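The file run_23.cif comes next; it holds mmCIF, C-alpha atoms.
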data_target
#
loop_
_atom_site.label_atom_id
_atom_site.label_comp_id
_atom_site.auth_asym_id
_atom_site.auth_seq_id
_atom_site.Cartn_x
_atom_site.Cartn_y
_atom_site.Cartn_z
CA MET A 30 21.83 -40.21 -135.49
CA LYS A 31 19.06 -39.98 -132.89
CA ALA A 32 15.50 -40.87 -133.85
CA ASP A 33 12.17 -41.03 -132.08
CA ARG A 34 11.08 -44.09 -134.04
CA LEU A 35 12.62 -46.57 -136.44
CA LEU A 36 10.55 -48.68 -138.83
CA ILE A 37 12.23 -51.87 -140.03
CA ASP A 38 11.32 -55.17 -141.70
CA CYS A 39 9.24 -53.38 -144.31
CA HIS A 40 9.11 -52.36 -147.94
CA VAL A 41 8.48 -48.72 -148.86
CA ALA A 42 6.69 -47.30 -151.90
CA THR A 43 8.27 -43.87 -151.57
CA MET A 44 6.42 -42.52 -154.66
CA VAL A 45 9.52 -40.49 -155.49
CA GLU A 46 9.86 -40.01 -159.23
CA GLY A 47 12.80 -40.97 -161.40
CA GLY A 48 13.60 -44.37 -159.95
CA PRO A 49 11.99 -47.81 -159.90
CA PRO A 50 8.19 -48.22 -160.14
CA TYR A 51 6.45 -46.72 -157.12
CA GLY A 52 9.86 -45.45 -155.99
CA ALA A 53 10.01 -48.82 -154.24
CA VAL A 54 12.67 -49.73 -151.70
CA THR A 55 12.52 -53.36 -150.62
CA ASP A 56 13.81 -54.53 -147.25
CA ALA A 57 13.78 -50.91 -146.15
CA ALA A 58 14.07 -48.86 -142.99
CA VAL A 59 12.55 -45.49 -142.10
CA ALA A 60 13.88 -43.29 -139.29
CA ILE A 61 11.60 -40.61 -137.82
CA ALA A 62 12.66 -37.64 -135.71
CA ASP A 63 10.57 -34.67 -134.55
CA GLY A 64 7.61 -35.79 -136.66
CA ARG A 65 9.64 -35.91 -139.87
CA ILE A 66 11.39 -38.53 -141.92
CA ALA A 67 15.06 -38.41 -140.97
CA TRP A 68 16.24 -41.26 -143.20
CA VAL A 69 14.75 -43.80 -145.62
CA GLY A 70 16.51 -46.43 -147.69
CA PRO A 71 17.60 -50.07 -147.84
CA ARG A 72 18.06 -51.52 -144.37
CA ALA A 73 21.52 -52.71 -145.40
CA ASP A 74 22.52 -49.05 -145.76
CA LEU A 75 21.02 -47.92 -142.47
CA PRO A 76 23.45 -45.67 -140.58
CA ALA A 77 23.98 -46.03 -136.86
CA ILE A 78 20.74 -44.82 -135.28
CA ASP A 79 19.85 -44.41 -131.63
CA ALA A 80 16.06 -44.88 -131.79
CA ALA A 81 13.77 -44.42 -128.80
CA GLN A 82 11.39 -46.98 -130.32
CA THR A 83 11.69 -49.57 -133.06
CA ASP A 84 8.62 -50.88 -134.92
CA ARG A 85 9.02 -54.18 -136.76
CA LEU A 86 6.46 -54.26 -139.57
CA ASP A 87 6.77 -57.96 -140.49
CA GLY A 88 7.34 -57.42 -144.19
CA ARG A 89 4.43 -55.03 -144.73
CA TRP A 90 4.39 -52.23 -147.31
CA VAL A 91 4.62 -48.58 -146.29
CA THR A 92 3.36 -45.72 -148.45
CA PRO A 93 2.93 -42.01 -147.92
CA GLY A 94 -0.28 -41.40 -146.01
CA LEU A 95 -3.07 -41.09 -148.56
CA ILE A 96 -4.36 -37.59 -149.31
CA ASP A 97 -8.00 -36.97 -150.21
CA CYS A 98 -7.66 -33.65 -152.01
CA HIS A 99 -11.35 -33.05 -152.85
CA THR A 100 -14.15 -33.65 -150.33
CA HIS A 101 -17.36 -32.06 -149.14
CA LEU A 102 -17.11 -33.92 -145.85
CA VAL A 103 -19.11 -31.46 -143.70
CA PHE A 104 -22.83 -31.30 -144.40
CA GLY A 105 -26.22 -31.87 -142.84
CA GLY A 106 -28.77 -34.54 -143.78
CA ASP A 107 -28.41 -36.93 -146.70
CA ARG A 108 -29.76 -37.25 -150.23
CA SER A 109 -30.47 -40.94 -150.52
CA GLY A 110 -33.91 -40.06 -151.91
CA GLU A 111 -32.27 -38.35 -154.86
CA PHE A 112 -30.21 -41.47 -155.42
CA GLU A 113 -33.50 -43.31 -155.88
CA GLN A 114 -34.75 -40.57 -158.22
CA ARG A 115 -31.67 -40.85 -160.42
CA LEU A 116 -32.09 -44.62 -160.59
CA GLY A 117 -35.65 -43.91 -161.70
CA GLY A 118 -34.39 -41.82 -164.61
CA ALA A 119 -34.12 -38.26 -163.29
CA SER A 120 -30.94 -36.42 -164.21
CA TYR A 121 -28.74 -34.47 -161.83
CA GLU A 122 -29.73 -31.25 -163.64
CA GLN A 123 -33.47 -32.04 -163.36
CA ILE A 124 -33.19 -32.69 -159.63
CA ALA A 125 -31.20 -29.48 -159.12
CA ARG A 126 -33.61 -27.33 -161.12
CA ALA A 127 -36.54 -28.75 -159.12
CA GLY A 128 -35.01 -27.48 -155.87
CA GLY A 129 -33.13 -30.62 -154.89
CA GLY A 130 -29.44 -31.31 -155.15
CA ILE A 131 -27.23 -28.80 -153.41
CA ALA A 132 -30.23 -26.76 -152.25
CA SER A 133 -31.55 -29.63 -150.13
CA SER A 134 -28.16 -30.02 -148.44
CA VAL A 135 -28.08 -26.28 -147.81
CA LYS A 136 -31.38 -26.47 -145.97
CA ALA A 137 -30.21 -29.33 -143.75
CA THR A 138 -26.79 -27.78 -143.10
CA ARG A 139 -28.21 -24.43 -142.07
CA VAL A 140 -30.33 -25.93 -139.29
CA ALA A 141 -27.61 -28.29 -138.01
CA THR A 142 -25.49 -27.25 -135.04
CA GLU A 143 -21.71 -27.24 -135.18
CA ASP A 144 -21.66 -30.30 -132.95
CA ASP A 145 -24.13 -32.07 -135.25
CA LEU A 146 -21.97 -31.34 -138.26
CA PHE A 147 -18.80 -32.40 -136.46
CA VAL A 148 -20.23 -35.73 -135.31
CA SER A 149 -21.65 -36.65 -138.71
CA ALA A 150 -18.46 -35.63 -140.52
CA MET A 151 -16.35 -37.69 -138.11
CA ARG A 152 -18.39 -40.78 -139.02
CA ARG A 153 -17.56 -40.26 -142.67
CA LEU A 154 -13.96 -39.46 -141.82
CA ALA A 155 -13.68 -42.84 -140.11
CA GLY A 156 -14.07 -44.50 -143.51
CA LEU A 157 -11.38 -42.33 -145.03
CA LYS A 158 -8.96 -43.00 -142.18
CA ALA A 159 -9.64 -46.74 -142.41
CA SER A 160 -8.55 -46.52 -146.05
CA GLY A 161 -5.19 -44.96 -145.17
CA VAL A 162 -5.94 -41.24 -145.36
CA THR A 163 -3.81 -38.85 -143.31
CA THR A 164 -4.73 -35.54 -145.03
CA VAL A 165 -8.20 -34.38 -146.07
CA GLU A 166 -9.34 -31.30 -147.96
CA ILE A 167 -12.76 -30.11 -146.75
CA LYS A 168 -14.90 -27.60 -148.63
CA SER A 169 -17.68 -25.33 -147.46
CA GLY A 170 -20.49 -24.63 -149.91
CA TYR A 171 -23.58 -26.06 -148.22
CA GLY A 172 -24.23 -22.90 -146.22
CA LEU A 173 -24.37 -20.18 -148.87
CA ASP A 174 -24.87 -17.55 -146.21
CA ARG A 175 -22.32 -15.92 -143.96
CA ASP A 176 -23.17 -17.70 -140.71
CA THR A 177 -23.39 -21.21 -142.14
CA GLU A 178 -20.33 -20.96 -144.36
CA LEU A 179 -18.29 -19.84 -141.35
CA LYS A 180 -19.87 -22.61 -139.28
CA MET A 181 -18.81 -25.25 -141.80
CA LEU A 182 -15.27 -23.92 -141.94
CA ARG A 183 -15.01 -23.86 -138.14
CA VAL A 184 -16.09 -27.51 -138.07
CA ALA A 185 -13.44 -28.35 -140.67
CA ARG A 186 -10.77 -26.70 -138.54
CA ARG A 187 -12.01 -28.65 -135.52
CA ILE A 188 -11.68 -31.88 -137.46
CA GLY A 189 -8.08 -30.93 -138.14
CA ARG A 190 -7.48 -30.47 -134.41
CA GLU A 191 -9.36 -33.51 -133.14
CA GLY A 192 -9.83 -35.93 -136.03
CA GLY A 193 -6.43 -37.59 -136.34
CA VAL A 194 -5.79 -36.14 -139.81
CA ARG A 195 -4.38 -33.00 -141.36
CA VAL A 196 -7.10 -30.78 -142.84
CA ARG A 197 -6.92 -28.20 -145.61
CA THR A 198 -10.02 -25.98 -145.82
CA THR A 199 -11.56 -24.57 -148.98
CA TYR A 200 -14.16 -21.82 -149.30
CA LEU A 201 -16.73 -22.88 -151.92
CA GLY A 202 -19.13 -19.96 -151.76
CA LEU A 203 -19.95 -20.12 -155.47
CA HIS A 204 -21.40 -23.62 -155.29
CA ALA A 205 -25.05 -22.80 -155.98
CA VAL A 206 -27.38 -19.83 -155.75
CA PRO A 207 -29.32 -20.10 -152.46
CA PRO A 208 -33.13 -20.04 -152.64
CA GLU A 209 -33.47 -16.57 -151.12
CA TYR A 210 -31.37 -15.12 -153.94
CA ARG A 211 -32.99 -17.04 -156.78
CA ASP A 212 -34.29 -13.82 -158.31
CA ASP A 213 -31.14 -11.78 -157.63
CA ARG A 214 -28.11 -13.95 -158.21
CA ALA A 215 -25.89 -10.89 -158.70
CA ALA A 216 -26.58 -9.86 -155.11
CA TYR A 217 -25.55 -13.31 -153.89
CA VAL A 218 -22.35 -13.25 -155.94
CA ASP A 219 -21.56 -9.87 -154.39
CA LEU A 220 -22.21 -11.29 -150.91
CA ALA A 221 -20.08 -14.40 -151.47
CA ILE A 222 -17.14 -12.42 -152.85
CA GLY A 223 -17.31 -9.17 -150.95
CA ASP A 224 -18.51 -10.29 -147.53
CA ILE A 225 -18.28 -14.01 -146.74
CA LEU A 226 -14.84 -14.71 -148.21
CA PRO A 227 -13.14 -11.74 -146.50
CA ALA A 228 -14.80 -12.66 -143.20
CA ALA A 229 -13.64 -16.28 -143.43
CA HIS A 230 -10.14 -15.19 -144.38
CA ALA A 231 -9.94 -12.71 -141.51
CA LEU A 232 -10.81 -15.51 -139.09
CA GLY A 233 -8.08 -17.77 -140.48
CA LEU A 234 -10.57 -20.35 -141.71
CA VAL A 235 -9.58 -20.57 -145.39
CA ASP A 236 -6.62 -22.26 -147.09
CA ALA A 237 -7.95 -22.05 -150.68
CA VAL A 238 -10.94 -20.89 -152.75
CA ASP A 239 -13.08 -23.00 -155.09
CA ALA A 240 -16.10 -22.50 -157.36
CA TYR A 241 -18.50 -24.55 -159.46
CA CYS A 242 -18.35 -23.39 -163.07
CA GLU A 243 -21.24 -24.89 -165.06
CA PRO A 244 -24.38 -23.57 -166.81
CA ILE A 245 -26.43 -24.77 -163.80
CA ALA A 246 -24.03 -23.04 -161.41
CA PHE A 247 -21.78 -20.01 -162.06
CA SER A 248 -20.37 -18.34 -165.15
CA ILE A 249 -16.77 -17.73 -166.12
CA GLN A 250 -17.25 -14.03 -165.40
CA GLU A 251 -18.62 -14.66 -161.90
CA VAL A 252 -15.91 -17.16 -161.05
CA SER A 253 -13.23 -14.82 -162.37
CA ARG A 254 -14.40 -12.14 -159.94
CA LEU A 255 -14.14 -14.60 -157.05
CA PHE A 256 -10.68 -15.71 -158.11
CA ASP A 257 -9.49 -12.11 -158.44
CA LYS A 258 -10.63 -11.51 -154.85
CA ALA A 259 -8.86 -14.68 -153.69
CA CYS A 260 -5.68 -13.42 -155.36
CA ASP A 261 -6.02 -10.09 -153.57
CA LEU A 262 -6.19 -12.04 -150.28
CA GLY A 263 -3.20 -14.20 -151.16
CA LEU A 264 -5.26 -17.40 -151.42
CA PRO A 265 -4.75 -20.12 -154.06
CA VAL A 266 -7.71 -21.25 -156.15
CA LYS A 267 -9.12 -24.44 -157.60
CA LEU A 268 -12.16 -25.16 -159.74
CA HIS A 269 -14.98 -27.62 -160.32
CA ALA A 270 -14.48 -27.59 -164.09
CA ASP A 271 -16.13 -29.08 -167.17
CA GLN A 272 -17.91 -31.86 -165.29
CA LEU A 273 -21.25 -31.81 -167.09
CA SER A 274 -20.38 -29.80 -170.18
CA ASP A 275 -17.56 -27.99 -171.94
CA GLY A 276 -17.85 -24.68 -170.15
CA GLY A 277 -14.27 -23.53 -170.59
CA GLY A 278 -13.44 -24.37 -166.99
CA ALA A 279 -10.07 -25.96 -167.64
CA ALA A 280 -8.85 -22.87 -169.51
CA LEU A 281 -10.28 -20.63 -166.79
CA ALA A 282 -8.39 -22.56 -164.12
CA ALA A 283 -5.21 -22.20 -166.18
CA ARG A 284 -5.66 -18.43 -166.59
CA HIS A 285 -5.82 -18.06 -162.82
CA ARG A 286 -2.91 -20.44 -162.17
CA ALA A 287 -5.22 -22.67 -160.13
CA LEU A 288 -3.81 -25.47 -158.01
CA SER A 289 -6.22 -27.85 -159.73
CA ALA A 290 -9.12 -28.30 -162.11
CA ASP A 291 -11.43 -31.03 -160.80
CA HIS A 292 -13.74 -33.43 -162.66
CA ILE A 293 -12.87 -32.19 -166.25
CA GLU A 294 -14.78 -34.94 -168.04
CA HIS A 295 -15.59 -32.50 -170.86
CA ALA A 296 -12.29 -30.60 -171.00
CA THR A 297 -11.11 -29.84 -174.53
CA LYS A 298 -7.69 -30.21 -176.12
CA GLU A 299 -7.19 -26.48 -175.75
CA GLY A 300 -8.18 -26.59 -172.08
CA VAL A 301 -5.82 -29.46 -171.33
CA ALA A 302 -2.97 -27.71 -173.13
CA ALA A 303 -3.61 -24.58 -171.06
CA MET A 304 -3.59 -26.65 -167.86
CA ALA A 305 -0.26 -28.17 -168.84
CA ALA A 306 1.30 -24.77 -169.54
CA ALA A 307 0.07 -23.38 -166.20
CA GLY A 308 0.96 -26.44 -164.11
CA VAL A 309 -2.65 -27.09 -163.08
CA VAL A 310 -3.27 -30.54 -161.59
CA ALA A 311 -6.21 -32.55 -162.93
CA VAL A 312 -8.18 -34.02 -160.01
CA LEU A 313 -10.10 -37.08 -161.16
CA LEU A 314 -13.25 -37.98 -159.24
CA PRO A 315 -14.39 -41.47 -160.25
CA GLY A 316 -16.99 -41.72 -157.47
CA ALA A 317 -19.11 -38.97 -159.00
CA TYR A 318 -18.63 -40.47 -162.46
CA LEU A 319 -19.89 -43.81 -161.15
CA MET A 320 -22.84 -42.51 -159.13
CA LEU A 321 -24.06 -40.21 -161.91
CA ARG A 322 -23.62 -43.03 -164.43
CA GLU A 323 -21.69 -40.71 -166.73
CA THR A 324 -20.46 -41.98 -170.08
CA GLN A 325 -17.77 -39.42 -170.98
CA ALA A 326 -14.64 -40.05 -168.98
CA PRO A 327 -11.92 -37.45 -168.37
CA PRO A 328 -9.45 -37.25 -171.29
CA VAL A 329 -6.77 -39.26 -169.54
CA ASP A 330 -4.74 -40.04 -172.67
CA LEU A 331 -4.73 -36.35 -173.54
CA LEU A 332 -3.63 -35.46 -170.02
CA ARG A 333 -0.77 -37.96 -170.30
CA ARG A 334 0.35 -36.61 -173.68
CA HIS A 335 0.48 -33.06 -172.33
CA GLY A 336 2.15 -34.09 -169.08
CA VAL A 337 -0.68 -32.87 -166.87
CA ARG A 338 -0.39 -34.31 -163.36
CA MET A 339 -3.37 -36.42 -162.27
CA ALA A 340 -4.65 -36.64 -158.70
CA VAL A 341 -7.43 -38.93 -157.48
CA ALA A 342 -9.98 -38.07 -154.76
CA THR A 343 -13.25 -39.35 -153.35
CA ASP A 344 -15.37 -36.18 -153.82
CA CYS A 345 -17.15 -37.44 -150.69
CA ASN A 346 -20.48 -35.59 -150.70
CA PRO A 347 -24.15 -36.27 -149.98
CA GLY A 348 -25.49 -36.11 -153.53
CA THR A 349 -23.22 -37.28 -156.30
CA SER A 350 -20.38 -39.17 -154.60
CA PRO A 351 -21.27 -40.79 -151.25
CA VAL A 352 -17.82 -42.40 -151.23
CA ALA A 353 -15.79 -42.62 -148.01
CA SER A 354 -12.86 -44.79 -149.09
CA MET A 355 -9.72 -43.60 -150.85
CA THR A 356 -8.69 -47.10 -151.88
CA ALA A 357 -12.13 -47.53 -153.51
CA ALA A 358 -11.59 -44.27 -155.40
CA MET A 359 -8.18 -45.54 -156.52
CA THR A 360 -9.68 -48.79 -157.78
CA LEU A 361 -12.44 -46.94 -159.64
CA ALA A 362 -9.88 -44.62 -161.23
CA CYS A 363 -8.11 -47.68 -162.62
CA VAL A 364 -11.23 -49.48 -163.81
CA GLN A 365 -13.23 -46.52 -165.14
CA PHE A 366 -10.48 -44.15 -166.31
CA ARG A 367 -7.77 -46.72 -167.14
CA LEU A 368 -5.15 -45.29 -164.81
CA THR A 369 -2.38 -47.71 -163.98
CA PRO A 370 -2.13 -48.72 -160.31
CA GLU A 371 1.06 -46.67 -160.04
CA GLU A 372 -0.68 -43.60 -161.51
CA SER A 373 -3.59 -44.11 -159.15
CA LEU A 374 -1.41 -44.41 -156.05
CA ALA A 375 0.61 -41.38 -157.17
CA GLY A 376 -2.71 -39.59 -157.62
CA ALA A 377 -3.66 -40.33 -154.02
CA THR A 378 -0.26 -39.30 -152.63
CA ARG A 379 2.26 -37.20 -154.56
CA GLU A 380 -0.13 -35.57 -157.01
CA ALA A 381 -2.83 -35.04 -154.39
CA ALA A 382 -0.25 -33.19 -152.31
CA ARG A 383 0.61 -31.12 -155.37
CA ALA A 384 -3.10 -30.35 -155.88
CA LEU A 385 -3.23 -28.93 -152.35
CA GLY A 386 -0.01 -26.95 -152.69
CA MET A 387 1.70 -29.06 -150.02
CA LEU A 388 4.12 -31.22 -151.98
CA GLN A 389 7.03 -29.84 -149.97
CA GLU A 390 5.38 -31.22 -146.83
CA ALA A 391 3.75 -34.52 -147.83
CA GLY A 392 2.98 -36.94 -150.64
CA THR A 393 6.25 -38.89 -150.81
CA VAL A 394 8.45 -40.72 -148.33
CA GLU A 395 11.60 -38.59 -148.37
CA SER A 396 13.97 -37.16 -145.81
CA GLY A 397 12.69 -33.89 -144.42
CA LYS A 398 9.03 -34.50 -145.17
CA ALA A 399 6.33 -35.08 -142.59
CA ALA A 400 6.22 -38.64 -141.27
CA ASP A 401 2.63 -39.21 -142.41
CA LEU A 402 2.62 -42.88 -143.41
CA SER A 403 0.24 -45.74 -144.06
CA VAL A 404 1.20 -49.38 -143.46
CA TRP A 405 -0.58 -52.04 -145.51
CA ASP A 406 -1.24 -55.77 -145.38
CA VAL A 407 -0.47 -56.27 -149.08
CA SER A 408 2.07 -58.18 -151.13
CA GLY A 409 2.79 -55.15 -153.33
CA PRO A 410 1.53 -51.61 -154.01
CA ALA A 411 -0.66 -52.64 -156.96
CA GLU A 412 -2.83 -54.60 -154.54
CA LEU A 413 -4.12 -51.30 -153.12
CA CYS A 414 -5.97 -50.76 -156.40
CA TYR A 415 -6.89 -54.41 -156.92
CA TRP A 416 -9.21 -55.06 -154.00
CA LEU A 417 -12.55 -53.24 -153.82
CA GLY A 418 -13.83 -53.12 -150.26
CA LYS A 419 -11.29 -55.38 -148.61
CA PRO A 420 -9.69 -53.85 -145.47
CA LEU A 421 -6.00 -53.47 -146.27
CA LEU A 422 -4.74 -50.91 -143.76
CA ASN A 423 -2.62 -52.13 -140.88
CA GLN A 424 -1.88 -48.78 -139.24
CA ARG A 425 -1.26 -45.08 -139.86
CA TYR A 426 1.39 -42.68 -138.63
CA LEU A 427 0.68 -38.95 -138.41
CA LYS A 428 3.63 -36.67 -137.71
CA GLY A 429 5.53 -39.78 -136.70
CA ASN A 430 2.98 -40.93 -134.14
CA ARG A 431 0.92 -44.07 -134.53
CA VAL A 432 -2.75 -43.08 -134.78
#
In structure tokens, how does this file's structure come out?
Amino acid sequence: MKADRLLIDCHVATMVEGGPPYGAVTDAAVAIADGRIAWVGPRADLPAIDAAQTDRLDGRWVTPGLIDCHTHLVFGGDRSGEFEQRLGGASYEQIARAGGGIASSVKATRVATEDDLFVSAMRRLAGLKASGVTTVEIKSGYGLDRDTELKMLRVARRIGREGGVRVRTTYLGLHAVPPEYRDDRAAYVDLAIGDILPAAHALGLVDAVDAYCEPIAFSIQEVSRLFDKACDLGLPVKLHADQLSDGGGAALAARHRALSADHIEHATKEGVAAMAAAGVVAVLLPGAYLMLRETQAPPVDLLRRHGVRMAVATDCNPGTSPVASMTAAMTLACVQFRLTPEESLAGATREAARALGMLQEAGTVESGKAADLSVWDVSGPAELCYWLGKPLLNQRYLKGNRV
């Protein structure tokens, strides 16, 4: 067997289900050819391989490259002032209704150039990459007009070309009602669905469609119209669901066979059962839970009982989750939501890939999948969720190349 690269003297948390915890293979080897995993298993079973390069990893642990499946990485300005307001007692809803929140990010994003947005996003991306991320989902939603939404999505595509990560883009047109449409929200919904989404799709800028379904955002009826349009265009959907209240978002996501329902702190038993039946992934966002000082956690035990897959993501955004570390999100998911370290690592790899519709390509270390890998200075996989803030990454591989 010929290979471009052979990794030896390592242990691998393959995250493949049905075997030992973490799908672990100790004293392992990984062969890489044409950017894909050609072979993985115990080094004692390694077949004869003619490798162009051999990397000795000195007993380090290898995992699938981490996948951040929910971010708002591209935006202008910051909202540190609102952070101070919340610490002073103001609620997220009060700030939003007073013209802050998403609206303030919209204002800053509209005036920023594409280069400005790219440079600032790359700074945040540096934190994600330093925490082992190889794939990032990036949403629009801080433009809320045609030009700025397209500008954000073009920046996201540029990050995928130049940023040293894979990028999946998401159109989040129904994020908030922009100020100029405050008195005619129906006209904005028509614009977002009938104009901006088709334009973004025609330009090849969209991989999926998202919406924010809450009383302070958009209704089930409005989101359903958006999702119907996405279906017409052949695009998968996902949903910001039941974060601040029980708005029926989990059931809505299930009705539309969404890839994921995200947040879901207030999801009901009926909503979780519907997610399970439809195969909708629950994306848990502990950064937002922490920063908003929420008290109702997602119904993790209920999700387990129904067999709903759980992903973990940073929700990196300027207002409610200024988090730029996947390992920090994994730790918070364990501490706040009581995920086990194995569940948390699966949530940042296998289940995150599932939440992006790319499980056939990434998320586990298996023959045939992309050689997107992270190498860690840890004594075991659980240590990735144990340390908060300690640098643990040794190196990353993207498509088989060290990056």
8 Å contact set for Pro347 of chain A, all atoms listed in the file, chain neighbours under 5 positions out, as a PDB file with C-alpha atoms, in the coordinates of the input:
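In the end it all went to result23.pdb:
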ATOM      1  CA  PHE A 104     -22.830 -31.300-144.400  1.00  0.00           C
ATOM      2  CA  GLY A 106     -28.770 -34.540-143.780  1.00  0.00           C
ATOM      3  CA  ASP A 107     -28.410 -36.930-146.700  1.00  0.00           C
ATOM      4  CA  ARG A 108     -29.760 -37.250-150.230  1.00  0.00           C
ATOM      5  CA  SER A 109     -30.470 -40.940-150.520  1.00  0.00           C
ATOM      6  CA  SER A 134     -28.160 -30.020-148.440  1.00  0.00           C
TER       7      SER A 134
END
- Query: In terms of the shortest atom-to-atom distance over all atoms listed in the file, which of A:Leu273, A:Val54, A:Val312, A:Ala340 is closest to Tyr241 of chain A?
  - Reply: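 So, comparing all the options, the nearest one is A:Leu273.
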- Message: Quick one: residues within 6 Å of segment 178-185 of chain A, all atoms listed in the file, excluding same-chain residues fewer than 5 positions away - as an NGL selection string?
- Response: :A and (147 or 169 or 172 or 234)
- Give me the result of the PyMOL selection byres ((chain A and resi 266) around 12) on this file, residue by residue, as number ranges by chain. A: 198-201, 235-241, 252-265, 267-269, 281-291, 309-310, 384-386
- Message: Please compute the atom CA of Asp63 of chain A-atom CA of Asp97 of chain A distance, one decimal, in Å.
- Response: 24.4 Å
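Across A:Arg186, A:Arg322, A:Arg383, A:Arg195, the tightest approach to Leu116 of chain A is made by A:Arg322 when counting only C-alpha atoms.
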- Query: At a cut-off of 8 Å from (5.9, -37.2, -154.6) in the coordinates of the file, what residues are picked up using only C-alpha atoms, written as a ChimeraX atom specification?
  - Reply: /A:43-46,375,378-380,382,388,391-394
- Message: With distances taken over only C-alpha atoms, which residue among A:Glu143, A:Asp219, A:Glu122, A:Asp401 lies nearest Asp176 of chain A?
- Response: A:Glu143
- Record the distance separating atom CA of Arg34 of chain A and atom CA of Ala62 of chain A, expressed in Å with one decimal.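 Pair atom CA of Arg34 of chain A / atom CA of Ala62 of chain A returns 6.8 Å.
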- Message: I'd like the contact shell of Val194 of chain A - 12 Å cut-off, all atoms listed in the file, skipping same-chain residues fewer than 3 positions apart - returned as a PyMOL selection string.
- Response: chain A and resi 94-97+151+154-155+157-159+161-167+185-191+197+401-402+425-428+430-432
- Task: Determine the nearest neighbour of Ile222 of chain A from the options A:Glu372, A:Glu251, A:Asp84, A:Asp38, counting all atoms listed in the file.
- Result: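 That would be A:Glu251, the residue with the smallest distance to Ile222 of chain A.
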- Check which residues satisfy the PyMOL selection byres ((chain A and resi 329) around 12) in the file shown, then give them as an MDAnalysis selection string. chainID A and resid 292:298 301 311:313 325:328 330:340 362:363 365:369 372:373
- Task: Enter the distance from atom CA of Gly316 of chain A to atom CA of Met355 of chain A, in Å, rounded to one decimal.
- Result: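 Those two atoms sit 10.0 Å apart.
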- Task: Might you spell out which residues the PyMOL selection byres ((chain A and resi 352) around 10) would select in the displayed file, as an MDAnalysis selection string?
- Result: chainID A and resid 100 153 156:157 315:317 320 342:347 349:351 353:355 357:358
- Item | Within 6 Å of segment 417-423 of chain A using all atoms listed in the file, minus same-chain residues under 6 positions, as a PyMOL selection string | chain A and resi 357+404-406
